[in-house]
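Novice: One file is attached below, target_17.txt, containing compact mmCIF, C-alpha atoms.
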```
# COMPACT_ATOMS: atom_id res chain seq x y z
CA MET W 1 0.00 0.00 0.00
CA LYS W 2 1.26 3.47 -0.86
CA HIS W 3 0.39 6.79 0.82
CA ASN W 4 -0.14 10.06 -1.04
CA TRP W 5 1.99 12.99 0.10
CA LYS W 6 1.90 16.57 -1.04
CA PRO W 7 4.06 17.16 -4.14
CA GLY W 8 7.73 17.48 -3.24
CA THR W 9 11.25 16.70 -4.31
CA MET W 10 11.67 13.02 -3.48
CA ILE W 11 14.22 12.04 -6.11
CA TYR W 12 16.95 10.40 -4.03
CA PRO W 13 19.80 9.78 -3.59
CA LEU W 14 21.52 12.94 -4.80
CA PRO W 15 25.18 13.88 -4.90
CA ALA W 16 26.20 16.00 -1.90
CA VAL W 17 28.74 18.37 -3.43
CA LEU W 18 30.79 21.29 -2.19
CA VAL W 19 30.55 24.22 -4.57
CA SER W 20 33.47 26.62 -4.33
CA CYS W 21 33.16 30.15 -5.65
CA GLY W 22 34.78 33.57 -5.61
CA SER W 23 37.46 35.21 -7.71
CA SER W 24 39.93 36.16 -4.96
CA PRO W 25 40.93 34.68 -1.58
CA GLU W 26 38.99 37.40 0.26
CA GLU W 27 35.82 36.34 -1.55
CA TYR W 28 36.32 32.54 -1.61
CA ASN W 29 33.39 30.61 -0.21
CA ILE W 30 31.99 27.10 -0.13
CA LEU W 31 28.35 26.05 -0.17
CA THR W 32 26.90 22.58 0.09
CA VAL W 33 24.52 21.70 -2.73
CA ALA W 34 22.38 18.63 -3.36
CA TRP W 35 20.29 20.19 -6.14
CA THR W 36 22.87 19.54 -8.83
CA GLY W 37 23.30 17.29 -11.83
CA THR W 38 24.10 16.72 -15.46
CA LEU W 39 22.09 18.43 -18.20
CA CYS W 40 23.89 17.56 -21.43
CA THR W 41 26.90 15.65 -22.74
CA ASN W 42 27.80 17.72 -25.79
CA PRO W 43 28.40 20.45 -24.85
CA PRO W 44 29.02 19.26 -21.28
CA LEU W 45 26.44 21.12 -19.19
CA CYS W 46 25.53 20.83 -15.54
CA TYR W 47 23.69 22.92 -12.98
CA VAL W 48 23.43 23.94 -9.37
CA SER W 49 20.25 25.38 -7.90
CA VAL W 50 20.73 27.95 -5.15
CA ARG W 51 18.35 30.03 -3.04
CA PRO W 52 18.80 33.77 -3.73
CA GLU W 53 19.11 34.49 0.00
CA ARG W 54 22.25 32.33 0.33
CA HIS W 55 25.49 34.26 0.86
CA SER W 56 27.08 32.50 -2.12
CA TYR W 57 24.28 33.47 -4.50
CA ASP W 58 25.63 36.98 -5.13
CA ILE W 59 29.19 35.64 -5.46
CA LEU W 60 28.02 33.14 -8.09
CA ARG W 61 25.98 35.76 -9.94
CA ARG W 62 28.80 38.30 -9.91
CA ASN W 63 31.55 35.95 -11.10
CA MET W 64 29.46 33.56 -13.26
CA GLU W 65 31.92 30.74 -12.43
CA PHE W 66 32.14 28.01 -9.81
CA VAL W 67 33.63 24.59 -9.12
CA ILE W 68 31.62 21.48 -8.23
CA ASN W 69 33.78 19.41 -5.87
CA LEU W 70 32.65 15.81 -5.33
CA THR W 71 32.63 14.75 -1.69
CA THR W 72 33.63 11.58 0.12
CA GLU W 73 32.79 9.88 3.40
CA GLU W 74 35.93 11.51 4.77
CA LEU W 75 34.50 14.93 3.84
CA ALA W 76 31.05 14.24 5.36
CA PHE W 77 31.50 16.53 8.38
CA ALA W 78 32.80 19.41 6.25
CA THR W 79 30.00 18.85 3.74
CA ASP W 80 27.30 19.18 6.37
CA TRP W 81 29.02 22.05 8.23
CA CYS W 82 29.45 24.11 5.06
CA GLY W 83 25.73 23.65 4.39
CA VAL W 84 24.52 24.93 7.77
CA ARG W 85 26.98 27.80 8.29
CA SER W 86 27.09 31.04 6.31
CA GLY W 87 30.14 32.41 4.56
CA LYS W 88 29.09 35.81 5.95
CA ASP W 89 30.18 34.59 9.37
CA TYR W 90 32.95 32.09 8.67
CA ASN W 91 35.90 31.43 6.40
CA LYS W 92 34.81 27.91 5.55
CA PHE W 93 38.14 26.88 4.04
CA GLU W 94 39.91 27.76 7.28
CA GLU W 95 37.25 26.40 9.62
CA MET W 96 37.11 23.01 7.88
CA ARG W 97 40.85 22.92 7.12
CA LEU W 98 40.16 22.59 3.40
CA THR W 99 42.74 23.66 0.88
CA PRO W 100 41.80 26.15 -1.85
CA GLY W 101 43.68 25.11 -4.99
CA LYS W 102 44.14 26.75 -8.35
CA ALA W 103 41.62 25.95 -11.03
CA GLU W 104 42.95 25.67 -14.57
CA VAL W 105 40.28 27.73 -16.35
CA VAL W 106 38.02 29.54 -13.86
CA ALA W 107 38.92 32.01 -11.10
CA ALA W 108 37.05 30.08 -8.40
CA PRO W 109 39.22 27.76 -6.30
CA ILE W 110 39.08 23.99 -6.34
CA ILE W 111 39.01 22.04 -3.07
CA GLU W 112 42.22 20.01 -3.07
CA GLU W 113 40.74 17.31 -0.81
CA SER W 114 38.03 16.51 -3.37
CA PRO W 115 38.63 13.54 -5.71
CA VAL W 116 37.03 15.36 -8.68
CA CYS W 117 36.77 19.12 -9.21
CA ILE W 118 34.50 20.23 -12.05
CA GLU W 119 35.20 23.77 -13.26
CA CYS W 120 32.07 25.50 -14.53
CA ARG W 121 31.23 28.72 -16.34
CA VAL W 122 27.62 29.94 -16.05
CA LYS W 123 25.70 30.26 -19.32
CA GLU W 124 22.29 31.13 -17.93
CA ILE W 125 20.48 31.73 -14.65
CA VAL W 126 16.94 30.39 -14.60
CA PRO W 127 14.59 31.66 -11.83
CA LEU W 128 12.48 28.70 -10.72
CA GLY W 129 10.79 29.75 -7.48
CA SER W 130 12.54 28.98 -4.20
CA HIS W 131 15.80 28.39 -6.13
CA ASP W 132 17.53 29.81 -9.19
CA MET W 133 19.25 27.32 -11.47
CA PHE W 134 22.76 28.21 -12.60
CA VAL W 135 23.16 26.37 -15.90
CA ALA W 136 26.86 26.04 -16.61
CA GLU W 137 29.27 24.64 -19.14
CA VAL W 138 32.00 22.36 -17.83
CA VAL W 139 35.25 23.97 -18.95
CA ASN W 140 37.72 21.67 -17.17
CA VAL W 141 37.82 18.70 -14.82
CA GLN W 142 40.60 17.99 -12.34
CA ALA W 143 40.77 14.40 -11.11
CA ASP W 144 42.97 13.13 -8.28
CA ASP W 145 45.56 10.70 -9.63
CA ARG W 146 45.27 8.65 -6.42
CA TYR W 147 42.31 6.97 -8.12
CA LEU W 148 44.01 6.37 -11.46
CA ASN W 149 44.98 2.72 -11.87
CA PRO W 150 48.53 2.80 -13.32
CA GLU W 151 48.13 -0.66 -14.88
CA THR W 152 44.78 -0.22 -16.62
CA GLY W 153 44.61 3.57 -16.88
CA LYS W 154 41.07 3.37 -15.47
CA PHE W 155 39.89 6.11 -13.13
CA GLU W 156 38.54 4.12 -10.17
CA LEU W 157 36.28 6.68 -8.55
CA ASP W 158 34.58 4.00 -6.45
CA LEU W 159 37.72 3.87 -4.30
CA ALA W 160 37.06 7.46 -3.17
CA ARG W 161 33.98 6.36 -1.16
CA LEU W 162 31.69 9.08 -2.53
CA LEU W 163 29.04 10.72 -0.37
CA VAL W 164 25.35 11.02 -1.27
CA TYR W 165 22.33 12.73 0.29
CA ALA W 166 18.91 11.13 0.74
CA HIS W 167 15.94 12.69 2.52
CA GLY W 168 17.92 14.64 5.11
CA GLU W 169 20.68 12.08 5.64
CA TYR W 170 24.15 11.42 4.23
CA PHE W 171 25.28 7.98 3.05
CA GLY W 172 28.37 6.41 1.62
CA LEU W 173 27.73 4.54 -1.59
CA GLY W 174 27.00 0.86 -1.09
CA ARG W 175 28.51 -2.12 -2.87
CA LYS W 176 28.68 -2.18 -6.64
CA VAL W 177 25.87 -4.22 -8.18
CA GLY W 178 26.75 -3.92 -11.86
CA THR W 179 28.50 -1.90 -14.54
CA PHE W 180 26.98 0.12 -17.36
CA GLY W 181 25.69 -2.26 -20.05
CA TRP W 182 26.28 -5.43 -18.03
CA THR W 183 22.76 -6.68 -18.85
CA VAL W 184 23.52 -6.90 -22.57
CA LYS W 185 27.12 -8.11 -22.52
CA LYS W 186 27.86 -11.20 -24.56
CA LYS W 187 27.46 -14.56 -22.87
CA GLY W 188 30.63 -16.09 -21.58
CA LYS W 189 31.85 -12.83 -20.11
CA LYS W 190 32.39 -12.81 -16.38
CA LYS W 191 29.28 -11.75 -14.48
CA GLU W 192 29.66 -8.49 -12.59
CA PHE W 193 26.44 -8.86 -10.61
CA ASP W 194 25.32 -10.88 -7.62
CA PHE W 195 21.94 -10.60 -5.90
CA LYS W 196 23.18 -12.12 -2.61
```
Could you render the structure from this file as structure tokens?
Specialist:
Amino acid sequence: MKHNWKPGTMIYPLPAVLVSCGSSPEEYNILTVAWTGTLCTNPPLCYVSVRPERHSYDILRRNMEFVINLTTEELAFATDWCGVRSGKDYNKFEEMRLTPGKAEVVAAPIIEESPVCIECRVKEIVPLGSHDMFVAEVVNVQADDRYLNPETGKFELDLARLLVYAHGEYFGLGRKVGTFGWTVKKKGKKKEFDFK
């Protein structure tokens, strides 16, 4: 039996990312965002949705650039803290002992502790209601070589123990249950899935 609830955003889990912004160290800030995702492959487009009353909103709007930094279980405390504290009152990099690094293309800093830092340049701001969507083109990606397998050349992001958000709670990703396209691979190939 299912129960009807009022309409709401119940698409979970979501990535819990740290968005870094600002064009100079005095302006650098970090905000935690779960309303984020991919929009298009070619050109590579993504988005973050931010409430206009957030401290970072004006920084994002003024600079039209930001970095989406993927988070890990190790970054869970910082991820939550940066979401419930305002950059008006705190230097979040200093408080959470996070390292602002140099982005290759945008002025906003990367977070060195993040396994993947996605540099973005805003193309459009779409007012939606409670949030405005910053639609952005991905202009560069920095990936931590700790997760690059030197033998296969594969980027093994699963080893980073990524963090996700679901209905007010944070979770580490569970065990792998398959790989893209495993359901249509030719017979005789090793199975990558187990229901146990």
Novice: At a cut-off of 6 Å, using only C-alpha atoms, what residues contact stretch 55-71 of chain W? Leave out same-chain residues fewer than 2 positions from it and give the result as an MDAnalysis selection string.
Specialist: chainID W and resid 17:22 52 75 108 114 116:122 162:163
Novice: From the set W:Val126, W:Ile30, W:Tyr47, W:Pro15, which residue has the shortest atom-to-atom contact distance to W:Trp81, counting only C-alpha atoms?
Specialist: W:Ile30
Novice: So what do you get for atom CA of W:Ala103 versus atom CA of W:Phe171, distance-wise?
Specialist: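 We find that atom CA of W:Ala103 and atom CA of W:Phe171 lie 28.1 Å from each other.
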Novice: Between W:Thr41, W:Ser49, W:Asn4, W:Thr72, which has the minimum distance to W:Ala16 (counting all atoms listed in the file)?
Specialist: W:Thr72
Novice: Just the number, please: distance in Å from atom CA of W:Cys46 to atom CA of W:Ser23, one decimal.
Specialist: 20.3 Å
Novice: Let me make sure I understand: among W:Val106, W:Met133, W:Ala160, W:Leu45, which one has the smallest atom-to-atom distance to W:Leu148 if we use all atoms listed in the file?
Specialist: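 Closest to W:Leu148 of all the choices is W:Ala160.
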Novice: Report, in Å with one decimal, the straight-line distance from atom CA of W:Pro115 to atom CA of W:Asn29.
Specialist: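 Atom-to-atom, atom CA of W:Pro115 to atom CA of W:Asn29, that is 18.7 Å.
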Novice: Between W:Met10, W:Gly172, W:Trp5, W:Val139, which is the closest to W:Glu104 once you count only C-alpha atoms?
Specialist: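 Looking only at the distances to W:Glu104, the closest residue turns out to be W:Val139.
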Novice: Residues proximal to (46.5, 14.5, -5.4) were defined as those with any atom within 9 Å of that point in the file's coordinates, counting all atoms listed in the file. Which are they, as a PyMOL selection string?
Specialist: chain W and resi 112-115+143-146
Novice: Counting only C-alpha atoms, which residue out of W:Cys82, W:Asn42, W:Thr183, W:Arg51 sits closest to W:Ile125?
Specialist: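 Of the candidates, the smallest distance to W:Ile125 is held by W:Arg51.
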Novice: Could you give me, as a list in words, the residues within 12 Å of W:Pro43, counting only C-alpha atoms and dropping anything in the same chain fewer than 6 positions from it?
Specialist: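 Listing them by chain and then by number gives Lys123, Val135, Ala136, Glu137, Val138 and Val139 of chain W.
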Novice: Which neighbours of W:Tyr170 fall inside 10 Å, counting all atoms listed in the file, when residues of the same chain fewer than 6 positions from it are skipped, and could you give them as a list in words?
Specialist: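 These residues fall inside the cut-off: Pro13, Leu14, Pro15, Ala16, Glu73, Ala76, Phe77, Thr79, Asp80, Leu163 and Val164 of chain W.
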Novice: Counting all atoms listed in the file, find the residues whose atoms lie at most 8 Å from (42.7, 27.7, -4.6) (file coordinates) and write them out as a list in words.
Specialist: Pro25, Thr99, Pro100, Gly101, Lys102, Ala103, Ala108, Pro109, Ile110, Ile111 and Glu112 of chain W
Novice: May I ask which of the residues W:Gly178, W:Leu128, W:Tyr28, W:Ala34 is the closest one to W:Leu98, counting all atoms listed in the file?
Specialist: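 Ranked by minimum distance to W:Leu98, first place goes to W:Tyr28.
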